[in-house]
Amino acid sequence: MSLREISRVTGSRKIAENTFESTLHAPQIASLVKAGQFINILPSGDWPKVMRRPMSVSGTEGDNLSIIYKVVGTGTEQMYSWAEGDEVDIIGPLGNYWADFSKTPIIIGGGVGIAPIFFLHNTLQSNNIEHYMIMGSRTANEHFLEHDLPAKVLMTTDDGTYGIHGNVVAAVDTIAENLDLSDTKLFVCGPAPMMEAMKDYALAKNIECDIALETVMACGIGICQGCSMEYVPKESKESSYREKYGLVCMDGPIFKAKEIKTCYL
Amino acid sequence: MLKVKLGDITFASPITVASGTYGYGNEVEGLAEVNRLGGIVTKSVTRHPREGNPLPRITETPSGMLNSIGLANVGVEMYCKEKLPFLNELKTQVIVNIAGSSMGDYLETMDMLEEADGNHIGYEINISCPNVKEGGMEFGVSCEMTEKLTKEMRRRTSKLLIMKLSPNVTSITEIGLAAQDGGADAVSAINTVVGMGIDVEKRCVKLHTVFGGLSGPAIKPIALANVHKLYKVLSIPIMGLGGIASAEDVLEFILAGAHMVQIGTTNYINPNIGVDILQELEAYCTENGLKNILELKGQLNS
C-alpha cells in the first residue's frame with residue numbers, strides 16, 4: 001500500500017550536465033521503497049497543473065530518499081528550484097520493483113532512466129550480488145560515474161568522448177566476450193530507443209530481460225487508466241480488462257521484455 | 001451544517017467524487033479518508049469488460065487534461081464479485097456509474113446490479129462519454145433516447161437515478177428536461193468537454209483517438225454556465241461538476257444552483273481534496289450564519 005507523506009528537501013546538487021539529484025526526508029516512504037519503484041511528486045504547494053510528476057527513486061539513506069532528474073519542463077524546473085527545508089508532498093512507494101537476481105544481473109541505464117538502475121546497483125551491492133552496471137549517454141559530461149571495467153562498471157557515450165564508444169549494446173557485447181549471456185539477466189531503464197534496442201537484443205539472443213517503462217501519468221494508483229502500455233498480443237477473450245493494455249503505474253513500471261509490444265509510449 | 005438530502009438519501013456533505021477519478025474506492029486506501037466524503041461515484045461499469053482505447057490516452061493541458069480512456073473497466077460481473085464487497089464496507093454513500101452502448105446493455109447492467117447484494121444507494125447513468133463510439137453519446141445527444149432510457153431505468157429501480165449530461169450538445173436544458181420527464185431523481189453536469197491536442201514537433205495529435213474529453217479547472221466556467229442553465233429550468237436537483245479544486249469552487253457551484261457537487265480531476269493531485277475542504281465550508285457557513293450550506297443554492301445577487 002502506498003501512502004502520502006509531506007517530505008522535506010534536505011539537499012539538491014548537480015551531478016552531471018543537466019542532471020540533478022535531490023534528497024527528501026521522507027521516513028515512511030524511505031523505509032518501504034524498493035529499487036524500481038517510484039513516487040508521485042507534487043512539485044509545489046501551489047502547483048497549477050492537474051498531474052503530479054512521477055519519479056523513480058534513485059536510492060535511500062536512513063530516513064531520506066533521493067531522486068535524479070533532468071530539467072525538461074515546468075515540473076522539473078520547479079524541482080530544480082527547491083531549497084533545503086522546503087516541504088514536498090509525495091505519494092509512494094508506487095509500482096512494482098526489480099526482482100529475481102538468480103542469474104548474474106547486467107543492469108543498464110541511460111538518460112532519465114539512470115535513477116532506478118542506480119538504486120538497483122546499490123541494492124545489489126549491499127546484498128553482495130555480483131553484477132555489471134552499464135550507463136549510456138550521448139557525451140562525456142552527462143556521466144557522473146567512473147568507467148571501471150575491472151569493477152564491472154561500464155560507461156558508454158554515443159560520441160566516444162568517454163568509456164566505450166557506442167550505445168549500451170556495445171557495452172553488453174564487451175561483457176559477452178568473457179561471459180555467457182544465457183547465465184545473465186538484463187535490467188533496463190532509459191530512453192525509449194535504448195529500451196527498444198535492448199528488448200530486441202534480449203529477444204534475439206533469448207536472454208531474460210526486465211524493462212522499466214516510462215510514460216505520462218496522472219494518478220499513479222490505477223484509477224485514471226491513462227498510463228497505458230500495450231502487451232504483445234496473447235490469446236485472449238473477446239473483451240478484456242488489462243489484458244491487451246497494462247497500466248505502467250500498477251502493472252509496472254517493470255515488465256518482461258517479451259511481453260512489451262513497444263517501449264515507445 | 002453540510003448535511004444534504006437527495007431523494008430520501010442523506011449525505012454527510014454535498015461533496016462527492018466524480019466517476020473515473022476514484023476507481024472503486026479501494027485504490028485510494030491509505031491516501032484519503034473515503035468515509036468522510038459525502039459519497040463516491042464509481043468508475044463506469046459496463047455489461048462486459050472493456051480493454052479501453054489504444055495509447056496515448058491522456059495529455060496535460062493548461063489547467064486541465066485531455067483523456068480518452070475508452071471506459072476501460074472490469075465489467076459488471078467482475079464488479080459484483082471483486083469491487084462490491086469493498087464498497088459495501090464503506091460508510092460513505094456509493095453511487096454506481098453505468099455506461100453502455102445500447103438500451104439492452106444499460107438495462108442488463110442495471111438489472112445485475114439490482115440483483116447484486118450491494119449497499120449502493122443509487123446510479124449515475126453515463127449517457128455522455130465522448131471517447132467511445134458506443135459510449136452512450138447517441139443517448140446523451142437525443143431528448144427522445146434520454147427520456148426513453150431514463151423511463152426504462154426508472155421502472156427497474158427505486159434507488160436514486162441520476163443522468164449524467166454532456167456539455168457537447170446544442171441545448172443541455174432540453175436533455176435535462178427529458179431526463180426529468182423520464183423520472184430521474186437528479187442530473188449531474190457536466191461530463192468532459194470535447195477537445196484536441198497537437199504535438200507540433202511530431203505534427204501529430206496527442207491522443208490516439210484524435211479527440212478526447214477535457215477536464216480540470218479549465219472547464220469550470222463552462223460547467224458553471226451549464227449548471228446554472230439547468231437550474232433555471234429543472235425542478236429536480238443538480239449535481240454540479242467540472243474543475244472543482246477548492247471550497248470556493250464548491251460555493252460557486254452551489255450559488256449557480258447545484259444541490260451537490262462532484263470533485264473529479266483534482267483528485268489526481270490530492271485524493272483527499274474532498275475532505276480537506278470540509279472545514280473551510282463549515283467555517284464559511286458559520287461566518288455567514290447559514291444553518292445549512294444549501295441555503296446558498298441559487299442565491300445569486302442581481
# chains A, B, ... in the order shown; residues from 1 in each chain; ligands from 1
call {"tool": "closest_atom_pairs", "arguments": {"of": "chain B", "to": "chain A", "cutoff": "10 Å", "atoms": "only C-alpha atoms", "output": "Markdown table"}}
result
| residue | atom | partner | partner_atom | distance |
| --- | --- | --- | --- | --- |
| B:Ser19 | CA | A:Cys224 | CA | 10.0 |
| B:Gly20 | CA | A:Cys224 | CA | 6.3 |
| B:Thr21 | CA | A:Cys224 | CA | 6.0 |
| B:Tyr22 | CA | A:Ile223 | CA | 6.1 |
| B:Gly23 | CA | A:Ile223 | CA | 4.9 |
| B:Tyr24 | CA | A:Ile223 | CA | 8.4 |
| B:Gly25 | CA | A:Ile223 | CA | 9.3 |
| B:Asn26 | CA | A:Ile223 | CA | 9.8 |
| B:Glu27 | CA | A:Ile221 | CA | 6.4 |
| B:Val28 | CA | A:Ile221 | CA | 7.5 |
| B:Glu29 | CA | A:Met1 | CA | 7.6 |
| B:Gly30 | CA | A:Leu3 | CA | 5.5 |
| B:Leu31 | CA | A:Leu3 | CA | 5.5 |
| B:Ala32 | CA | A:Arg4 | CA | 8.9 |
| B:Lys43 | CA | A:Ile223 | CA | 8.4 |
| B:His48 | CA | A:Ser239 | CA | 6.8 |
| B:Pro49 | CA | A:Ser240 | CA | 5.2 |
| B:Arg50 | CA | A:Tyr241 | CA | 5.3 |
| B:Glu51 | CA | A:Tyr241 | CA | 4.4 |
| B:Gly52 | CA | A:Tyr241 | CA | 7.6 |
| B:Asn53 | CA | A:Tyr245 | CA | 8.7 |
| B:Pro54 | CA | A:Tyr245 | CA | 7.8 |
| B:Leu55 | CA | A:Ser228 | CA | 6.3 |
| B:Pro56 | CA | A:Leu265 | CA | 7.0 |
| B:Arg57 | CA | A:Gly226 | CA | 5.3 |
| B:Ile58 | CA | A:Gly226 | CA | 5.3 |
| B:Thr59 | CA | A:Val216 | CA | 7.3 |
| B:Glu60 | CA | A:Met51 | CA | 7.4 |
| B:Thr61 | CA | A:Lys49 | CA | 8.1 |
| B:Pro62 | CA | A:Lys49 | CA | 7.0 |
| B:Ser63 | CA | A:Lys49 | CA | 5.3 |
| B:Gly64 | CA | A:Val50 | CA | 5.8 |
| B:Met65 | CA | A:Val50 | CA | 6.9 |
| B:Leu66 | CA | A:Gly226 | CA | 9.9 |
| B:Asn67 | CA | A:Gly226 | CA | 7.3 |
| B:Ser68 | CA | A:Gly226 | CA | 8.1 |
| B:Ile69 | CA | A:Gln225 | CA | 6.4 |
| B:Gly70 | CA | A:Gln225 | CA | 9.3 |
| B:Leu71 | CA | A:Gln225 | CA | 9.1 |
| B:Ala72 | CA | A:Tyr241 | CA | 6.5 |
| B:Asn73 | CA | A:Tyr241 | CA | 6.0 |
| B:Val74 | CA | A:Tyr241 | CA | 5.6 |
| B:Gly75 | CA | A:Tyr241 | CA | 8.2 |
| B:Ser215 | CA | A:Val50 | CA | 9.3 |
| B:Gly216 | CA | A:Val50 | CA | 6.8 |
| B:Pro217 | CA | A:Val50 | CA | 8.4 |
| B:Gly243 | CA | A:Val50 | CA | 9.9 |
| B:Ala245 | CA | A:Val50 | CA | 9.8 |
| B:Thr265 | CA | A:Val50 | CA | 6.8 |
| B:Thr266 | CA | A:Val50 | CA | 6.3 |
| B:Asn267 | CA | A:Cys219 | CA | 8.0 |
| B:Tyr268 | CA | A:Cys219 | CA | 4.6 |
| B:Ile269 | CA | A:Arg52 | CA | 5.7 |
| B:Asn270 | CA | A:Leu42 | CA | 9.0 |
| B:Pro271 | CA | A:Cys219 | CA | 8.8 |
call {"tool": "residues_around", "arguments": {"residues": "region 290-298 of chain B", "least_positions_apart": "6", "cutoff": "9 Å", "atoms": "only C-alpha atoms", "output": "ChimeraX atom specification"}}
result
/B:1-4,13-14,228,231,251,253-260,281-282,284
call {"tool": "select_by_dssp", "arguments": {"residues": "region 41-250 of chain A", "states": "strand (DSSP E)", "output": "mmCIF file with N, CA and C atoms, in the first residue's frame"}}
result
data_model
loop_
_atom_site.group_PDB
_atom_site.id
_atom_site.type_symbol
_atom_site.label_atom_id
_atom_site.label_comp_id
_atom_site.auth_asym_id
_atom_site.auth_seq_id
_atom_site.Cartn_x
_atom_site.Cartn_y
_atom_site.Cartn_z
ATOM 1 N N ILE A 41 5.117 13.055 -7.335
ATOM 2 C CA ILE A 41 5.506 14.285 -6.650
ATOM 3 C C ILE A 41 4.605 15.459 -7.011
ATOM 4 N N LEU A 42 4.187 16.210 -5.997
ATOM 5 C CA LEU A 42 3.539 17.499 -6.231
ATOM 6 C C LEU A 42 4.673 18.521 -6.158
ATOM 7 N N ARG A 53 4.096 14.610 -10.710
ATOM 8 C CA ARG A 53 5.195 14.190 -11.570
ATOM 9 C C ARG A 53 5.811 12.902 -11.014
ATOM 10 N N PRO A 54 5.639 11.785 -11.745
ATOM 11 C CA PRO A 54 6.203 10.522 -11.265
ATOM 12 C C PRO A 54 7.721 10.483 -11.450
ATOM 13 N N MET A 55 8.425 10.042 -10.420
ATOM 14 C CA MET A 55 9.892 9.969 -10.483
ATOM 15 C C MET A 55 10.352 8.673 -9.817
ATOM 16 N N SER A 56 11.233 7.954 -10.489
ATOM 17 C CA SER A 56 11.826 6.765 -9.882
ATOM 18 C C SER A 56 12.733 7.182 -8.741
ATOM 19 N N VAL A 57 12.744 6.399 -7.697
ATOM 20 C CA VAL A 57 13.642 6.673 -6.582
ATOM 21 C C VAL A 57 15.030 6.150 -6.947
ATOM 22 N N SER A 58 16.058 6.955 -6.676
ATOM 23 C CA SER A 58 17.413 6.552 -7.055
ATOM 24 C C SER A 58 18.206 5.989 -5.874
ATOM 25 N N GLY A 59 17.633 6.075 -4.677
ATOM 26 C CA GLY A 59 18.316 5.485 -3.537
ATOM 27 C C GLY A 59 17.708 5.941 -2.232
ATOM 28 N N THR A 60 18.089 5.253 -1.167
ATOM 29 C CA THR A 60 17.650 5.674 0.172
ATOM 30 C C THR A 60 18.856 5.671 1.093
ATOM 31 N N GLU A 61 18.782 6.508 2.094
ATOM 32 C CA GLU A 61 19.816 6.519 3.127
ATOM 33 C C GLU A 61 19.126 6.939 4.414
ATOM 34 N N ASN A 64 16.012 9.268 4.460
ATOM 35 C CA ASN A 64 15.982 10.061 3.235
ATOM 36 C C ASN A 64 15.862 9.191 1.989
ATOM 37 N N LEU A 65 15.226 9.736 0.985
ATOM 38 C CA LEU A 65 15.259 9.088 -0.322
ATOM 39 C C LEU A 65 15.719 10.119 -1.335
ATOM 40 N N SER A 66 16.265 9.641 -2.434
ATOM 41 C CA SER A 66 16.736 10.588 -3.436
ATOM 42 C C SER A 66 16.130 10.300 -4.799
ATOM 43 N N ILE A 67 16.093 11.328 -5.604
ATOM 44 C CA ILE A 67 15.621 11.203 -6.984
ATOM 45 C C ILE A 67 16.655 11.870 -7.892
ATOM 46 N N ILE A 68 16.735 11.407 -9.125
ATOM 47 C CA ILE A 68 17.637 12.006 -10.114
ATOM 48 C C ILE A 68 16.784 12.427 -11.298
ATOM 49 N N TYR A 69 16.972 13.655 -11.762
ATOM 50 C CA TYR A 69 16.134 14.129 -12.861
ATOM 51 C C TYR A 69 16.891 15.093 -13.750
ATOM 52 N N GLU A 87 8.918 21.986 1.915
ATOM 53 C CA GLU A 87 8.051 20.811 2.066
ATOM 54 C C GLU A 87 7.582 20.335 0.695
ATOM 55 N N VAL A 88 7.634 19.042 0.479
ATOM 56 C CA VAL A 88 7.199 18.478 -0.800
ATOM 57 C C VAL A 88 6.248 17.308 -0.529
ATOM 58 N N ASP A 89 5.073 17.398 -1.117
ATOM 59 C CA ASP A 89 4.018 16.396 -0.950
ATOM 60 C C ASP A 89 4.284 15.243 -1.923
ATOM 61 N N ILE A 90 4.517 14.051 -1.386
ATOM 62 C CA ILE A 90 4.791 12.909 -2.262
ATOM 63 C C ILE A 90 3.888 11.716 -1.915
ATOM 64 N N ILE A 91 3.594 10.915 -2.919
ATOM 65 C CA ILE A 91 2.833 9.681 -2.732
ATOM 66 C C ILE A 91 3.727 8.523 -3.176
ATOM 67 N N GLY A 92 3.797 7.497 -2.335
ATOM 68 C CA GLY A 92 4.622 6.357 -2.715
ATOM 69 C C GLY A 92 4.639 5.312 -1.615
ATOM 70 N N PRO A 93 5.404 4.255 -1.729
ATOM 71 C CA PRO A 93 6.056 3.842 -2.971
ATOM 72 C C PRO A 93 5.022 3.271 -3.931
ATOM 73 N N LEU A 94 5.258 3.479 -5.217
ATOM 74 C CA LEU A 94 4.303 3.055 -6.239
ATOM 75 C C LEU A 94 4.950 2.073 -7.213
ATOM 76 N N THR A 104 23.230 -13.773 -13.163
ATOM 77 C CA THR A 104 24.057 -12.571 -12.983
ATOM 78 C C THR A 104 23.375 -11.344 -13.587
ATOM 79 N N PRO A 105 23.046 -10.353 -12.779
ATOM 80 C CA PRO A 105 22.374 -9.175 -13.343
ATOM 81 C C PRO A 105 23.330 -8.296 -14.154
ATOM 82 N N ILE A 106 22.866 -7.889 -15.324
ATOM 83 C CA ILE A 106 23.522 -6.804 -16.058
ATOM 84 C C ILE A 106 22.510 -5.666 -16.044
ATOM 85 N N ILE A 107 22.838 -4.615 -15.314
ATOM 86 C CA ILE A 107 21.853 -3.549 -15.135
ATOM 87 C C ILE A 107 22.254 -2.368 -16.015
ATOM 88 N N ILE A 108 21.270 -1.860 -16.751
ATOM 89 C CA ILE A 108 21.569 -0.917 -17.836
ATOM 90 C C ILE A 108 20.677 0.315 -17.743
ATOM 91 N N GLY A 109 21.297 1.469 -17.610
ATOM 92 C CA GLY A 109 20.521 2.710 -17.516
ATOM 93 C C GLY A 109 21.011 3.754 -18.485
ATOM 94 N N GLY A 110 20.139 4.691 -18.802
ATOM 95 C CA GLY A 110 20.533 5.792 -19.676
ATOM 96 C C GLY A 110 19.578 6.950 -19.516
ATOM 97 N N TYR A 132 26.955 -6.512 -13.243
ATOM 98 C CA TYR A 132 27.557 -5.498 -14.121
ATOM 99 C C TYR A 132 26.596 -4.315 -14.205
ATOM 100 N N MET A 133 27.167 -3.119 -14.245
ATOM 101 C CA MET A 133 26.321 -1.942 -14.461
ATOM 102 C C MET A 133 26.810 -1.191 -15.693
ATOM 103 N N ILE A 134 25.856 -0.847 -16.554
ATOM 104 C CA ILE A 134 26.167 -0.069 -17.759
ATOM 105 C C ILE A 134 25.337 1.210 -17.734
ATOM 106 N N MET A 135 25.985 2.327 -17.955
ATOM 107 C CA MET A 135 25.259 3.591 -18.086
ATOM 108 C C MET A 135 25.580 4.190 -19.448
ATOM 109 N N GLY A 136 24.559 4.548 -20.185
ATOM 110 C CA GLY A 136 24.771 5.125 -21.510
ATOM 111 C C GLY A 136 24.403 6.589 -21.556
ATOM 112 N N SER A 137 25.147 7.355 -22.345
ATOM 113 C CA SER A 137 24.775 8.754 -22.557
ATOM 114 C C SER A 137 25.296 9.198 -23.917
ATOM 115 N N VAL A 153 31.811 -1.759 -13.930
ATOM 116 C CA VAL A 153 31.003 -0.552 -14.148
ATOM 117 C C VAL A 153 31.420 0.033 -15.501
ATOM 118 N N LEU A 154 30.498 0.025 -16.456
ATOM 119 C CA LEU A 154 30.830 0.421 -17.825
ATOM 120 C C LEU A 154 30.049 1.664 -18.247
ATOM 121 N N MET A 155 30.776 2.659 -18.744
ATOM 122 C CA MET A 155 30.134 3.865 -19.265
ATOM 123 C C MET A 155 30.235 3.832 -20.789
ATOM 124 N N THR A 156 29.168 4.276 -21.448
ATOM 125 C CA THR A 156 29.249 4.400 -22.907
ATOM 126 C C THR A 156 28.861 5.823 -23.304
ATOM 127 N N THR A 157 29.420 6.270 -24.408
ATOM 128 C CA THR A 157 28.992 7.560 -24.986
ATOM 129 C C THR A 157 28.792 7.378 -26.487
ATOM 130 N N ILE A 164 33.182 3.438 -23.348
ATOM 131 C CA ILE A 164 33.033 2.685 -24.591
ATOM 132 C C ILE A 164 32.327 3.550 -25.631
ATOM 133 N N HIS A 165 32.874 3.598 -26.844
ATOM 134 C CA HIS A 165 32.272 4.375 -27.923
ATOM 135 C C HIS A 165 31.096 3.581 -28.488
ATOM 136 N N THR A 184 22.897 -14.698 -17.663
ATOM 137 C CA THR A 184 22.684 -13.346 -17.140
ATOM 138 C C THR A 184 21.219 -12.926 -17.310
ATOM 139 N N LYS A 185 20.875 -11.880 -16.621
ATOM 140 C CA LYS A 185 19.552 -11.285 -16.807
ATOM 141 C C LYS A 185 19.741 -9.776 -16.925
ATOM 142 N N LEU A 186 19.066 -9.181 -17.897
ATOM 143 C CA LEU A 186 19.196 -7.742 -18.115
ATOM 144 C C LEU A 186 18.099 -6.986 -17.365
ATOM 145 N N PHE A 187 18.473 -5.877 -16.772
ATOM 146 C CA PHE A 187 17.526 -4.966 -16.114
ATOM 147 C C PHE A 187 17.740 -3.601 -16.763
ATOM 148 N N VAL A 188 16.714 -3.079 -17.434
ATOM 149 C CA VAL A 188 16.918 -1.912 -18.289
ATOM 150 C C VAL A 188 15.946 -0.775 -17.979
ATOM 151 N N CYS A 189 16.474 0.446 -17.945
ATOM 152 C CA CYS A 189 15.620 1.633 -17.899
ATOM 153 C C CYS A 189 16.344 2.794 -18.556
ATOM 154 N N GLU A 208 16.950 -13.352 -20.620
ATOM 155 C CA GLU A 208 15.895 -12.798 -19.779
ATOM 156 C C GLU A 208 16.120 -11.295 -19.621
ATOM 157 N N CYS A 209 15.054 -10.521 -19.679
ATOM 158 C CA CYS A 209 15.230 -9.073 -19.639
ATOM 159 C C CYS A 209 13.997 -8.393 -19.048
ATOM 160 N N ASP A 210 14.216 -7.582 -18.029
ATOM 161 C CA ASP A 210 13.139 -6.775 -17.441
ATOM 162 C C ASP A 210 13.371 -5.312 -17.797
ATOM 163 N N ILE A 211 12.298 -4.646 -18.169
ATOM 164 C CA ILE A 211 12.405 -3.246 -18.600
ATOM 165 C C ILE A 211 11.433 -2.379 -17.804
ATOM 166 N N ALA A 212 11.928 -1.249 -17.295
ATOM 167 C CA ALA A 212 11.057 -0.307 -16.590
ATOM 168 C C ALA A 212 10.624 0.774 -17.563
ATOM 169 N N SER A 228 -1.215 3.858 -20.024
ATOM 170 C CA SER A 228 -1.280 2.514 -20.577
ATOM 171 C C SER A 228 -0.061 2.146 -21.408
ATOM 172 N N MET A 229 0.197 0.856 -21.475
ATOM 173 C CA MET A 229 1.202 0.272 -22.386
ATOM 174 C C MET A 229 0.503 -0.881 -23.078
ATOM 175 N N GLU A 230 1.081 -1.326 -24.196
ATOM 176 C CA GLU A 230 0.422 -2.416 -24.924
ATOM 177 C C GLU A 230 1.239 -3.688 -24.826
ATOM 178 N N TYR A 245 -4.030 -4.012 -22.796
ATOM 179 C CA TYR A 245 -3.289 -2.845 -22.322
ATOM 180 C C TYR A 245 -3.035 -2.980 -20.822
ATOM 181 N N GLY A 246 -1.801 -2.760 -20.424
ATOM 182 C CA GLY A 246 -1.486 -2.751 -18.999
ATOM 183 C C GLY A 246 -1.327 -1.316 -18.537
ATOM 184 N N LEU A 247 -1.286 -1.135 -17.234
ATOM 185 C CA LEU A 247 -1.066 0.196 -16.677
ATOM 186 C C LEU A 247 0.348 0.269 -16.121
#
